[in-house]
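J.: So here's protein_27.tsv, just TSV, N, CA and C atoms:
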```tsv
chain	number	residue	atom	x	y	z
A	1	GLN	N	12.31	2.30	16.78
A	1	GLN	CA	12.46	2.24	15.34
A	1	GLN	C	11.29	1.47	14.74
A	2	VAL	N	10.70	2.02	13.71
A	2	VAL	CA	9.57	1.37	13.04
A	2	VAL	C	10.07	0.67	11.79
A	3	GLN	N	9.60	-0.54	11.58
A	3	GLN	CA	9.93	-1.30	10.37
A	3	GLN	C	8.66	-1.76	9.68
A	4	LEU	N	8.69	-1.72	8.36
A	4	LEU	CA	7.58	-2.21	7.54
A	4	LEU	C	8.12	-3.32	6.66
A	5	VAL	N	7.44	-4.46	6.68
A	5	VAL	CA	7.86	-5.59	5.86
A	5	VAL	C	6.72	-5.98	4.94
A	6	GLU	N	6.98	-5.93	3.65
A	6	GLU	CA	5.96	-6.22	2.64
A	6	GLU	C	6.15	-7.63	2.09
A	7	SER	N	5.07	-8.17	1.58
A	7	SER	CA	5.12	-9.47	0.91
A	7	SER	C	3.98	-9.54	-0.09
A	8	GLY	N	4.12	-10.46	-1.04
A	8	GLY	CA	3.00	-10.75	-1.93
A	8	GLY	C	3.13	-10.28	-3.36
A	9	GLY	N	4.19	-9.60	-3.70
A	9	GLY	CA	4.34	-9.18	-5.09
A	9	GLY	C	4.64	-10.36	-5.99
A	10	GLY	N	4.73	-10.10	-7.30
A	10	GLY	CA	5.06	-11.17	-8.22
A	10	GLY	C	4.61	-10.86	-9.63
A	11	LEU	N	4.58	-11.91	-10.44
A	11	LEU	CA	4.21	-11.81	-11.84
A	11	LEU	C	2.82	-12.40	-12.04
A	12	VAL	N	1.97	-11.67	-12.74
A	12	VAL	CA	0.62	-12.14	-12.97
A	12	VAL	C	0.18	-11.69	-14.36
A	13	GLN	N	-0.71	-12.45	-14.96
A	13	GLN	CA	-1.24	-12.07	-16.27
A	13	GLN	C	-2.31	-11.00	-16.11
A	14	ALA	N	-2.47	-10.22	-17.14
A	14	ALA	CA	-3.53	-9.20	-17.14
A	14	ALA	C	-4.87	-9.86	-16.86
A	15	GLY	N	-5.64	-9.21	-16.00
A	15	GLY	CA	-6.93	-9.76	-15.59
A	15	GLY	C	-6.86	-10.59	-14.32
A	16	GLY	N	-5.65	-10.90	-13.90
A	16	GLY	CA	-5.47	-11.71	-12.71
A	16	GLY	C	-5.49	-10.90	-11.43
A	17	SER	N	-5.17	-11.58	-10.33
A	17	SER	CA	-5.22	-10.96	-9.00
A	17	SER	C	-3.94	-11.23	-8.23
A	18	LEU	N	-3.64	-10.31	-7.35
A	18	LEU	CA	-2.55	-10.46	-6.39
A	18	LEU	C	-2.98	-9.81	-5.09
A	19	ARG	N	-2.37	-10.26	-4.00
A	19	ARG	CA	-2.63	-9.65	-2.70
A	19	ARG	C	-1.30	-9.28	-2.07
A	20	LEU	N	-1.19	-8.02	-1.71
A	20	LEU	CA	0.00	-7.52	-1.01
A	20	LEU	C	-0.31	-7.38	0.47
A	21	SER	N	0.70	-7.68	1.28
A	21	SER	CA	0.55	-7.52	2.72
A	21	SER	C	1.73	-6.75	3.28
A	22	CYS	N	1.48	-6.07	4.38
A	22	CYS	CA	2.54	-5.28	5.03
A	22	CYS	C	2.33	-5.36	6.53
A	23	ALA	N	3.39	-5.66	7.25
A	23	ALA	CA	3.34	-5.71	8.70
A	23	ALA	C	4.28	-4.67	9.28
A	24	ALA	N	3.77	-3.86	10.18
A	24	ALA	CA	4.57	-2.83	10.83
A	24	ALA	C	4.92	-3.26	12.24
A	25	SER	N	6.13	-2.93	12.66
A	25	SER	CA	6.56	-3.24	14.02
A	25	SER	C	7.33	-2.06	14.59
A	26	GLY	N	7.41	-2.01	15.91
A	26	GLY	CA	8.11	-0.92	16.57
A	26	GLY	C	7.15	-0.06	17.36
A	27	SER	N	7.59	1.15	17.66
A	27	SER	CA	6.78	2.09	18.44
A	27	SER	C	5.86	2.85	17.49
A	28	ILE	N	4.61	2.45	17.47
A	28	ILE	CA	3.65	2.99	16.51
A	28	ILE	C	2.54	3.70	17.26
A	29	PHE	N	2.30	4.94	16.88
A	29	PHE	CA	1.22	5.70	17.48
A	29	PHE	C	-0.11	5.07	17.07
A	30	ARG	N	-1.04	4.99	18.03
A	30	ARG	CA	-2.26	4.23	17.79
A	30	ARG	C	-3.16	4.87	16.72
A	31	ILE	N	-3.03	6.17	16.49
A	31	ILE	CA	-3.82	6.83	15.45
A	31	ILE	C	-2.89	7.12	14.28
A	32	ASN	N	-3.12	6.45	13.17
A	32	ASN	CA	-2.19	6.58	12.06
A	32	ASN	C	-2.88	6.27	10.73
A	33	THR	N	-2.13	6.43	9.68
A	33	THR	CA	-2.59	6.09	8.34
A	33	THR	C	-1.65	5.05	7.75
A	34	MET	N	-2.20	4.00	7.21
A	34	MET	CA	-1.40	3.00	6.50
A	34	MET	C	-1.91	2.92	5.08
A	35	GLY	N	-0.97	2.75	4.16
A	35	GLY	CA	-1.40	2.72	2.77
A	35	GLY	C	-0.36	2.16	1.84
A	36	TRP	N	-0.68	2.25	0.58
A	36	TRP	CA	0.19	1.75	-0.48
A	36	TRP	C	0.40	2.82	-1.53
A	37	TYR	N	1.65	2.91	-1.96
A	37	TYR	CA	2.03	3.76	-3.07
A	37	TYR	C	2.72	2.88	-4.10
A	38	ARG	N	2.86	3.39	-5.31
A	38	ARG	CA	3.59	2.63	-6.33
A	38	ARG	C	4.41	3.56	-7.20
A	39	GLN	N	5.44	2.98	-7.77
A	39	GLN	CA	6.31	3.74	-8.66
A	39	GLN	C	6.68	2.88	-9.85
A	40	ALA	N	6.24	3.32	-11.02
A	40	ALA	CA	6.58	2.64	-12.27
A	40	ALA	C	7.87	3.24	-12.82
A	41	PRO	N	8.58	2.51	-13.67
A	41	PRO	CA	9.84	3.02	-14.23
A	41	PRO	C	9.64	4.36	-14.94
A	42	GLY	N	10.47	5.31	-14.58
A	42	GLY	CA	10.40	6.62	-15.22
A	42	GLY	C	9.29	7.51	-14.73
A	43	LYS	N	8.56	7.07	-13.73
A	43	LYS	CA	7.44	7.86	-13.21
A	43	LYS	C	7.63	8.17	-11.73
A	44	GLN	N	6.87	9.14	-11.27
A	44	GLN	CA	6.92	9.50	-9.85
A	44	GLN	C	6.12	8.50	-9.03
A	45	ARG	N	6.49	8.42	-7.77
A	45	ARG	CA	5.72	7.58	-6.86
A	45	ARG	C	4.32	8.19	-6.70
A	46	GLU	N	3.31	7.32	-6.71
A	46	GLU	CA	1.93	7.81	-6.62
A	46	GLU	C	1.14	7.01	-5.60
A	47	LEU	N	0.14	7.66	-5.04
A	47	LEU	CA	-0.73	7.00	-4.09
A	47	LEU	C	-1.59	5.95	-4.79
A	48	VAL	N	-1.72	4.79	-4.16
A	48	VAL	CA	-2.66	3.78	-4.63
A	48	VAL	C	-3.91	3.81	-3.74
A	49	ALA	N	-3.69	3.67	-2.43
A	49	ALA	CA	-4.80	3.70	-1.49
A	49	ALA	C	-4.25	3.86	-0.08
A	50	PHE	N	-5.06	4.46	0.80
A	50	PHE	CA	-4.71	4.47	2.21
A	50	PHE	C	-5.95	4.34	3.06
A	51	LYS	N	-5.72	3.93	4.30
A	51	LYS	CA	-6.82	3.73	5.24
A	51	LYS	C	-6.35	4.18	6.61
A	52	THR	N	-7.14	5.00	7.28
A	52	THR	CA	-6.77	5.48	8.61
A	52	THR	C	-7.27	4.51	9.68
A	53	THR	N	-6.82	4.71	10.90
A	53	THR	CA	-7.24	3.83	11.99
A	53	THR	C	-8.74	3.97	12.26
A	54	ASN	N	-9.34	5.10	11.93
A	54	ASN	CA	-10.78	5.23	12.14
A	54	ASN	C	-11.58	4.95	10.87
A	55	GLY	N	-10.92	4.36	9.87
A	55	GLY	CA	-11.66	3.83	8.74
A	55	GLY	C	-11.78	4.68	7.50
A	56	ILE	N	-11.22	5.88	7.53
A	56	ILE	CA	-11.28	6.71	6.31
A	56	ILE	C	-10.41	6.05	5.24
A	57	THR	N	-11.01	5.88	4.07
A	57	THR	CA	-10.34	5.16	2.99
A	57	THR	C	-10.34	6.00	1.71
A	58	ILE	N	-9.17	6.04	1.08
A	58	ILE	CA	-9.02	6.78	-0.18
A	58	ILE	C	-8.35	5.89	-1.21
A	59	TYR	N	-8.88	5.91	-2.41
A	59	TYR	CA	-8.29	5.18	-3.53
A	59	TYR	C	-7.93	6.14	-4.65
A	60	ALA	N	-6.87	5.82	-5.36
A	60	ALA	CA	-6.59	6.53	-6.60
A	60	ALA	C	-7.68	6.18	-7.60
A	61	ASP	N	-8.04	7.13	-8.45
A	61	ASP	CA	-9.10	6.88	-9.43
A	61	ASP	C	-8.77	5.68	-10.31
A	62	SER	N	-7.51	5.48	-10.60
A	62	SER	CA	-7.09	4.42	-11.52
A	62	SER	C	-7.32	3.02	-10.96
A	63	VAL	N	-7.53	2.90	-9.64
A	63	VAL	CA	-7.69	1.55	-9.06
A	63	VAL	C	-9.07	1.35	-8.43
A	64	LYS	N	-9.89	2.38	-8.40
A	64	LYS	CA	-11.22	2.26	-7.81
A	64	LYS	C	-12.01	1.15	-8.48
A	65	GLY	N	-12.64	0.32	-7.64
A	65	GLY	CA	-13.44	-0.78	-8.16
A	65	GLY	C	-12.64	-2.03	-8.45
A	66	ARG	N	-11.32	-1.94	-8.43
A	66	ARG	CA	-10.47	-3.11	-8.70
A	66	ARG	C	-9.63	-3.50	-7.49
A	67	PHE	N	-9.19	-2.52	-6.73
A	67	PHE	CA	-8.33	-2.77	-5.56
A	67	PHE	C	-9.12	-2.53	-4.29
A	68	THR	N	-8.79	-3.30	-3.26
A	68	THR	CA	-9.40	-3.11	-1.95
A	68	THR	C	-8.32	-3.11	-0.88
A	69	ILE	N	-8.32	-2.07	-0.08
A	69	ILE	CA	-7.37	-1.99	1.03
A	69	ILE	C	-8.07	-2.39	2.32
A	70	SER	N	-7.34	-3.11	3.15
A	70	SER	CA	-7.87	-3.49	4.45
A	70	SER	C	-6.74	-3.41	5.48
A	71	ARG	N	-7.11	-3.27	6.73
A	71	ARG	CA	-6.09	-3.20	7.76
A	71	ARG	C	-6.60	-3.81	9.05
A	72	ASP	N	-5.64	-4.25	9.86
A	72	ASP	CA	-5.93	-4.76	11.18
A	72	ASP	C	-5.21	-3.85	12.16
A	73	ASN	N	-5.96	-2.99	12.83
A	73	ASN	CA	-5.33	-2.00	13.71
A	73	ASN	C	-4.58	-2.65	14.86
A	74	ALA	N	-5.12	-3.73	15.38
A	74	ALA	CA	-4.49	-4.39	16.53
A	74	ALA	C	-3.14	-5.01	16.15
A	75	LYS	N	-3.04	-5.47	14.91
A	75	LYS	CA	-1.81	-6.14	14.46
A	75	LYS	C	-0.90	-5.22	13.66
A	76	ASN	N	-1.35	-4.01	13.41
A	76	ASN	CA	-0.58	-3.06	12.59
A	76	ASN	C	-0.22	-3.65	11.23
A	77	THR	N	-1.21	-4.21	10.58
A	77	THR	CA	-1.01	-4.75	9.25
A	77	THR	C	-1.96	-4.09	8.27
A	78	VAL	N	-1.54	-4.05	7.03
A	78	VAL	CA	-2.38	-3.53	5.95
A	78	VAL	C	-2.20	-4.42	4.74
A	79	SER	N	-3.29	-4.64	4.03
A	79	SER	CA	-3.26	-5.49	2.84
A	79	SER	C	-3.89	-4.76	1.66
A	80	LEU	N	-3.52	-5.19	0.49
A	80	LEU	CA	-4.09	-4.63	-0.73
A	80	LEU	C	-4.46	-5.78	-1.65
A	81	GLN	N	-5.75	-5.99	-1.82
A	81	GLN	CA	-6.23	-6.99	-2.75
A	81	GLN	C	-6.38	-6.33	-4.11
A	82	MET	N	-5.67	-6.85	-5.09
A	82	MET	CA	-5.66	-6.25	-6.42
A	82	MET	C	-6.29	-7.23	-7.41
A	83	ASN	N	-7.42	-6.85	-7.97
A	83	ASN	CA	-8.13	-7.68	-8.95
A	83	ASN	C	-8.14	-6.99	-10.31
A	84	SER	N	-8.45	-7.75	-11.33
A	84	SER	CA	-8.54	-7.21	-12.69
A	84	SER	C	-7.31	-6.39	-13.03
A	85	LEU	N	-6.15	-6.96	-12.76
A	85	LEU	CA	-4.90	-6.22	-12.95
A	85	LEU	C	-4.67	-5.89	-14.42
A	86	LYS	N	-4.11	-4.71	-14.64
A	86	LYS	CA	-3.83	-4.21	-15.98
A	86	LYS	C	-2.32	-4.05	-16.16
A	87	LEU	N	-1.90	-3.97	-17.42
A	87	LEU	CA	-0.47	-3.78	-17.69
A	87	LEU	C	0.06	-2.55	-16.97
A	88	GLU	N	-0.76	-1.51	-16.92
A	88	GLU	CA	-0.31	-0.25	-16.32
A	88	GLU	C	-0.23	-0.29	-14.80
A	89	ASP	N	-0.62	-1.41	-14.20
A	89	ASP	CA	-0.44	-1.57	-12.75
A	89	ASP	C	0.97	-2.04	-12.41
A	90	THR	N	1.76	-2.36	-13.42
A	90	THR	CA	3.13	-2.80	-13.18
A	90	THR	C	3.93	-1.69	-12.51
A	91	ALA	N	4.52	-2.01	-11.37
A	91	ALA	CA	5.27	-1.02	-10.59
A	91	ALA	C	5.87	-1.69	-9.37
A	92	VAL	N	6.72	-0.95	-8.69
A	92	VAL	CA	7.13	-1.35	-7.35
A	92	VAL	C	6.13	-0.74	-6.38
A	93	TYR	N	5.58	-1.56	-5.52
A	93	TYR	CA	4.57	-1.11	-4.57
A	93	TYR	C	5.21	-0.97	-3.19
A	94	TYR	N	4.95	0.17	-2.56
A	94	TYR	CA	5.54	0.48	-1.27
A	94	TYR	C	4.46	0.63	-0.21
A	95	CYS	N	4.67	0.01	0.91
A	95	CYS	CA	3.82	0.19	2.07
A	95	CYS	C	4.24	1.47	2.80
A	96	ASN	N	3.27	2.20	3.32
A	96	ASN	CA	3.55	3.45	4.02
A	96	ASN	C	2.76	3.53	5.31
A	97	LEU	N	3.41	4.06	6.33
A	97	LEU	CA	2.78	4.27	7.63
A	97	LEU	C	3.13	5.69	8.07
A	98	LYS	N	2.15	6.48	8.47
A	98	LYS	CA	2.46	7.83	8.88
A	98	LYS	C	1.52	8.30	9.98
A	99	TRP	N	2.05	9.18	10.81
A	99	TRP	CA	1.26	9.93	11.78
A	99	TRP	C	2.05	11.18	12.15
A	100	ASN	N	1.36	12.26	12.35
A	100	ASN	CA	2.01	13.54	12.64
A	100	ASN	C	3.18	13.77	11.66
A	101	GLU	N	4.37	14.01	12.19
A	101	GLU	CA	5.51	14.27	11.31
A	101	GLU	C	6.27	13.01	10.94
A	102	TYR	N	5.80	11.87	11.38
A	102	TYR	CA	6.50	10.61	11.14
A	102	TYR	C	5.97	9.94	9.88
A	103	ASP	N	6.91	9.43	9.07
A	103	ASP	CA	6.57	8.88	7.76
A	103	ASP	C	7.52	7.74	7.47
A	104	TYR	N	6.99	6.50	7.40
A	104	TYR	CA	7.83	5.32	7.25
A	104	TYR	C	7.46	4.57	5.97
A	105	TRP	N	8.49	3.95	5.37
A	105	TRP	CA	8.29	3.22	4.12
A	105	TRP	C	8.85	1.81	4.20
A	106	GLY	N	8.19	0.90	3.50
A	106	GLY	CA	8.74	-0.42	3.32
A	106	GLY	C	9.77	-0.43	2.21
A	107	GLN	N	10.35	-1.60	1.98
A	107	GLN	CA	11.43	-1.71	0.99
A	107	GLN	C	10.89	-1.80	-0.43
A	108	GLY	N	9.61	-2.07	-0.57
A	108	GLY	CA	9.01	-2.18	-1.89
A	108	GLY	C	8.92	-3.62	-2.36
A	109	THR	N	7.87	-3.90	-3.10
A	109	THR	CA	7.70	-5.23	-3.68
A	109	THR	C	7.24	-5.06	-5.13
A	110	GLN	N	7.86	-5.83	-6.01
A	110	GLN	CA	7.59	-5.67	-7.46
A	110	GLN	C	6.30	-6.39	-7.83
A	111	VAL	N	5.47	-5.68	-8.58
A	111	VAL	CA	4.29	-6.28	-9.20
A	111	VAL	C	4.43	-6.10	-10.70
A	112	THR	N	4.42	-7.21	-11.41
A	112	THR	CA	4.54	-7.16	-12.87
A	112	THR	C	3.33	-7.83	-13.49
A	113	VAL	N	2.64	-7.09	-14.34
A	113	VAL	CA	1.46	-7.61	-15.04
A	113	VAL	C	1.84	-7.83	-16.50
A	114	SER	N	1.66	-9.05	-16.97
A	114	SER	CA	2.03	-9.38	-18.35
A	114	SER	C	0.79	-9.60	-19.21
A	115	SER	N	0.99	-9.46	-20.50
A	115	SER	CA	-0.14	-9.62	-21.44
A	115	SER	C	-0.28	-11.07	-21.88
```
How would this structure read if it were set down as structure tokens?
T.:
Amino acid sequence: QVQLVESGGGLVQAGGSLRLSCAASGSIFRINTMGWYRQAPGKQRELVAFKTTNGITIYADSVKGRFTISRDNAKNTVSLQMNSLKLEDTAVYYCNLKWNEYDYWGQGTQVTVSS
């Protein structure tokens, strides 16, 4: 059984920074993709960023230049450094781990950006 545990959400003023972390445990295939998605109230869940074990990195256009994803393959962890936060970044952020047909999610962590 694979488990994802997130940490680091919270309340921050616009223009501020937060760092999210996610640790995966269990039987994890060594070649995988770890990333972050978010879901704002009344909206669909959307990709924020992901990074594969061989370093391929994708960002949503809305966060390019502000967010940075990093991962430690040996520890099965992924982090998201979020800078220059905007009101529209407010959402529940979910950690995701996937390979082949397997797709795992964390419980979500709330990020609220205030004016």
J.: Quick check, in Å to one decimal: how far apart do atom N of A:Asn83 and atom CA of A:Arg19 lie?
T.: 7.7 Å
J.: Have a look at atom CA of A:Leu20 and atom CA of A:Gln1 and let me know their distance in Å, one decimal.
T.: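 We find that atom CA of A:Leu20 and atom CA of A:Gln1 lie 22.8 Å from each other.
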J.: Write out as JSON, numbers by chain each polymer residue whose atoms come within 6 Å of stretch 32-34 of chain A, counting only C-alpha atoms; drop sequence neighbours fewer than 4 positions from it.
T.: {"A": [50, 51, 52, 53, 96, 97, 98, 99]}
J.: Taking the DSSP assignment computed from this structure's backbone, write out as a list in words all residues of stretch 58-87 of chain A that belong to strand (DSSP E or B).
T.: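 Matching residues for strand (DSSP E or B) in stretch 58-87 of chain A are Ile58, Tyr59, Phe67, Thr68, Ile69, Ser70, Arg71, Asp72, Thr77, Val78, Ser79, Leu80, Gln81 and Met82 of chain A.
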J.: Convert the current residue selection to file output with N, CA and C atoms, as a compact mmCIF listing (two decimals), in the coordinates of the input.
T.:
```
# COMPACT_ATOMS: atom_id res chain seq x y z
N ILE A 58 -9.17 6.04 1.08
CA ILE A 58 -9.02 6.78 -0.18
C ILE A 58 -8.35 5.89 -1.21
N TYR A 59 -8.88 5.91 -2.41
CA TYR A 59 -8.29 5.18 -3.53
C TYR A 59 -7.93 6.14 -4.65
N PHE A 67 -9.19 -2.52 -6.73
CA PHE A 67 -8.33 -2.77 -5.56
C PHE A 67 -9.12 -2.53 -4.29
N THR A 68 -8.79 -3.30 -3.26
CA THR A 68 -9.40 -3.11 -1.95
C THR A 68 -8.32 -3.11 -0.88
N ILE A 69 -8.32 -2.07 -0.08
CA ILE A 69 -7.37 -1.99 1.03
C ILE A 69 -8.07 -2.39 2.32
N SER A 70 -7.34 -3.11 3.15
CA SER A 70 -7.87 -3.49 4.45
C SER A 70 -6.74 -3.41 5.48
N ARG A 71 -7.11 -3.27 6.73
CA ARG A 71 -6.09 -3.20 7.76
C ARG A 71 -6.60 -3.81 9.05
N ASP A 72 -5.64 -4.25 9.86
CA ASP A 72 -5.93 -4.76 11.18
C ASP A 72 -5.21 -3.85 12.16
N THR A 77 -1.21 -4.21 10.58
CA THR A 77 -1.01 -4.75 9.25
C THR A 77 -1.96 -4.09 8.27
N VAL A 78 -1.54 -4.05 7.03
CA VAL A 78 -2.38 -3.53 5.95
C VAL A 78 -2.20 -4.42 4.74
N SER A 79 -3.29 -4.64 4.03
CA SER A 79 -3.26 -5.49 2.84
C SER A 79 -3.89 -4.76 1.66
N LEU A 80 -3.52 -5.19 0.49
CA LEU A 80 -4.09 -4.63 -0.73
C LEU A 80 -4.46 -5.78 -1.65
N GLN A 81 -5.75 -5.99 -1.82
CA GLN A 81 -6.23 -6.99 -2.75
C GLN A 81 -6.38 -6.33 -4.11
N MET A 82 -5.67 -6.85 -5.09
CA MET A 82 -5.66 -6.25 -6.42
C MET A 82 -6.29 -7.23 -7.41
```
J.: Counting only N, CA and C atoms, which residue out of A:Arg30, A:Gly108, A:Glu6, A:Gln81 sits closest to A:Arg66?
T.: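 Nearest to A:Arg66: A:Gln81.
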J.: Missing atoms in stretch 61-71 of chain A should be modelled up to all heavy atoms and reported as a PDB file, in the coordinates of the input.
T.:
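Done, and the output landed in selection-v3.pdb:
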```
ATOM      1  N   ASP A  61      -8.040   7.130  -8.450  1.00  0.00           N
ATOM      2  CA  ASP A  61      -9.100   6.880  -9.430  1.00  0.00           C
ATOM      3  C   ASP A  61      -8.770   5.680 -10.310  1.00  0.00           C
ATOM      4  O   ASP A  61      -9.671   4.926 -10.712  1.00  0.00           O
ATOM      5  CB  ASP A  61      -9.289   8.112 -10.313  1.00  0.00           C
ATOM      6  CG  ASP A  61      -9.972   9.252  -9.584  1.00  0.00           C
ATOM      7  OD1 ASP A  61     -10.581   9.009  -8.517  1.00  0.00           O
ATOM      8  OD2 ASP A  61      -9.895  10.398 -10.063  1.00  0.00           O
ATOM      9  N   SER A  62      -7.510   5.480 -10.600  1.00  0.00           N
ATOM     10  CA  SER A  62      -7.090   4.420 -11.520  1.00  0.00           C
ATOM     11  C   SER A  62      -7.320   3.020 -10.960  1.00  0.00           C
ATOM     12  O   SER A  62      -7.306   2.047 -11.732  1.00  0.00           O
ATOM     13  CB  SER A  62      -5.618   4.591 -11.878  1.00  0.00           C
ATOM     14  OG  SER A  62      -4.822   4.548 -10.712  1.00  0.00           O
ATOM     15  N   VAL A  63      -7.530   2.900  -9.640  1.00  0.00           N
ATOM     16  CA  VAL A  63      -7.690   1.550  -9.060  1.00  0.00           C
ATOM     17  C   VAL A  63      -9.070   1.350  -8.430  1.00  0.00           C
ATOM     18  O   VAL A  63      -9.378   0.242  -7.974  1.00  0.00           O
ATOM     19  CB  VAL A  63      -6.599   1.260  -8.013  1.00  0.00           C
ATOM     20  CG1 VAL A  63      -5.206   1.478  -8.603  1.00  0.00           C
ATOM     21  CG2 VAL A  63      -6.780   2.080  -6.757  1.00  0.00           C
ATOM     22  N   LYS A  64      -9.890   2.380  -8.400  1.00  0.00           N
ATOM     23  CA  LYS A  64     -11.220   2.260  -7.810  1.00  0.00           C
ATOM     24  C   LYS A  64     -12.010   1.150  -8.480  1.00  0.00           C
ATOM     25  O   LYS A  64     -12.022   1.033  -9.703  1.00  0.00           O
ATOM     26  CB  LYS A  64     -11.982   3.576  -7.932  1.00  0.00           C
ATOM     27  CG  LYS A  64     -11.558   4.642  -6.947  1.00  0.00           C
ATOM     28  CD  LYS A  64     -12.364   5.925  -7.137  1.00  0.00           C
ATOM     29  CE  LYS A  64     -11.921   6.998  -6.171  1.00  0.00           C
ATOM     30  NZ  LYS A  64     -12.631   8.282  -6.404  1.00  0.00           N
ATOM     31  N   GLY A  65     -12.640   0.320  -7.640  1.00  0.00           N
ATOM     32  CA  GLY A  65     -13.440  -0.780  -8.160  1.00  0.00           C
ATOM     33  C   GLY A  65     -12.640  -2.030  -8.450  1.00  0.00           C
ATOM     34  O   GLY A  65     -13.226  -3.098  -8.703  1.00  0.00           O
ATOM     35  N   ARG A  66     -11.320  -1.940  -8.430  1.00  0.00           N
ATOM     36  CA  ARG A  66     -10.470  -3.110  -8.700  1.00  0.00           C
ATOM     37  C   ARG A  66      -9.630  -3.500  -7.490  1.00  0.00           C
ATOM     38  O   ARG A  66      -9.380  -4.688  -7.263  1.00  0.00           O
ATOM     39  CB  ARG A  66      -9.533  -2.816  -9.878  1.00  0.00           C
ATOM     40  CG  ARG A  66     -10.246  -2.482 -11.175  1.00  0.00           C
ATOM     41  CD  ARG A  66      -9.261  -2.381 -12.341  1.00  0.00           C
ATOM     42  NE  ARG A  66      -8.272  -1.311 -12.160  1.00  0.00           N
ATOM     43  CZ  ARG A  66      -6.955  -1.521 -12.157  1.00  0.00           C
ATOM     44  NH1 ARG A  66      -6.475  -2.740 -12.304  1.00  0.00           N
ATOM     45  NH2 ARG A  66      -6.122  -0.506 -12.008  1.00  0.00           N
ATOM     46  N   PHE A  67      -9.190  -2.520  -6.730  1.00  0.00           N
ATOM     47  CA  PHE A  67      -8.330  -2.770  -5.560  1.00  0.00           C
ATOM     48  C   PHE A  67      -9.120  -2.530  -4.290  1.00  0.00           C
ATOM     49  O   PHE A  67      -9.981  -1.633  -4.230  1.00  0.00           O
ATOM     50  CB  PHE A  67      -7.128  -1.841  -5.565  1.00  0.00           C
ATOM     51  CG  PHE A  67      -6.110  -2.095  -6.655  1.00  0.00           C
ATOM     52  CD1 PHE A  67      -6.365  -2.968  -7.699  1.00  0.00           C
ATOM     53  CD2 PHE A  67      -4.889  -1.442  -6.621  1.00  0.00           C
ATOM     54  CE1 PHE A  67      -5.424  -3.196  -8.693  1.00  0.00           C
ATOM     55  CE2 PHE A  67      -3.937  -1.647  -7.601  1.00  0.00           C
ATOM     56  CZ  PHE A  67      -4.214  -2.520  -8.640  1.00  0.00           C
ATOM     57  N   THR A  68      -8.790  -3.300  -3.260  1.00  0.00           N
ATOM     58  CA  THR A  68      -9.400  -3.110  -1.950  1.00  0.00           C
ATOM     59  C   THR A  68      -8.320  -3.110  -0.880  1.00  0.00           C
ATOM     60  O   THR A  68      -7.521  -4.053  -0.792  1.00  0.00           O
ATOM     61  CB  THR A  68     -10.405  -4.230  -1.650  1.00  0.00           C
ATOM     62  OG1 THR A  68     -11.400  -4.262  -2.673  1.00  0.00           O
ATOM     63  CG2 THR A  68     -11.090  -3.995  -0.297  1.00  0.00           C
ATOM     64  N   ILE A  69      -8.320  -2.070  -0.080  1.00  0.00           N
ATOM     65  CA  ILE A  69      -7.370  -1.990   1.030  1.00  0.00           C
ATOM     66  C   ILE A  69      -8.070  -2.390   2.320  1.00  0.00           C
ATOM     67  O   ILE A  69      -9.239  -2.057   2.529  1.00  0.00           O
ATOM     68  CB  ILE A  69      -6.760  -0.567   1.143  1.00  0.00           C
ATOM     69  CG1 ILE A  69      -5.612  -0.545   2.146  1.00  0.00           C
ATOM     70  CG2 ILE A  69      -7.827   0.473   1.475  1.00  0.00           C
ATOM     71  CD1 ILE A  69      -4.814   0.768   2.132  1.00  0.00           C
ATOM     72  N   SER A  70      -7.340  -3.110   3.150  1.00  0.00           N
ATOM     73  CA  SER A  70      -7.870  -3.490   4.450  1.00  0.00           C
ATOM     74  C   SER A  70      -6.740  -3.410   5.480  1.00  0.00           C
ATOM     75  O   SER A  70      -5.569  -3.480   5.112  1.00  0.00           O
ATOM     76  CB  SER A  70      -8.460  -4.903   4.421  1.00  0.00           C
ATOM     77  OG  SER A  70      -7.482  -5.842   4.025  1.00  0.00           O
ATOM     78  N   ARG A  71      -7.110  -3.270   6.730  1.00  0.00           N
ATOM     79  CA  ARG A  71      -6.090  -3.200   7.760  1.00  0.00           C
ATOM     80  C   ARG A  71      -6.600  -3.810   9.050  1.00  0.00           C
ATOM     81  O   ARG A  71      -7.809  -3.894   9.293  1.00  0.00           O
ATOM     82  CB  ARG A  71      -5.631  -1.764   7.993  1.00  0.00           C
ATOM     83  CG  ARG A  71      -6.679  -0.794   8.478  1.00  0.00           C
ATOM     84  CD  ARG A  71      -6.070   0.587   8.734  1.00  0.00           C
ATOM     85  NE  ARG A  71      -5.147   0.547   9.864  1.00  0.00           N
ATOM     86  CZ  ARG A  71      -4.334   1.546  10.198  1.00  0.00           C
ATOM     87  NH1 ARG A  71      -4.313   2.670   9.488  1.00  0.00           N
ATOM     88  NH2 ARG A  71      -3.536   1.438  11.237  1.00  0.00           N
TER      89      ARG A  71
END
```
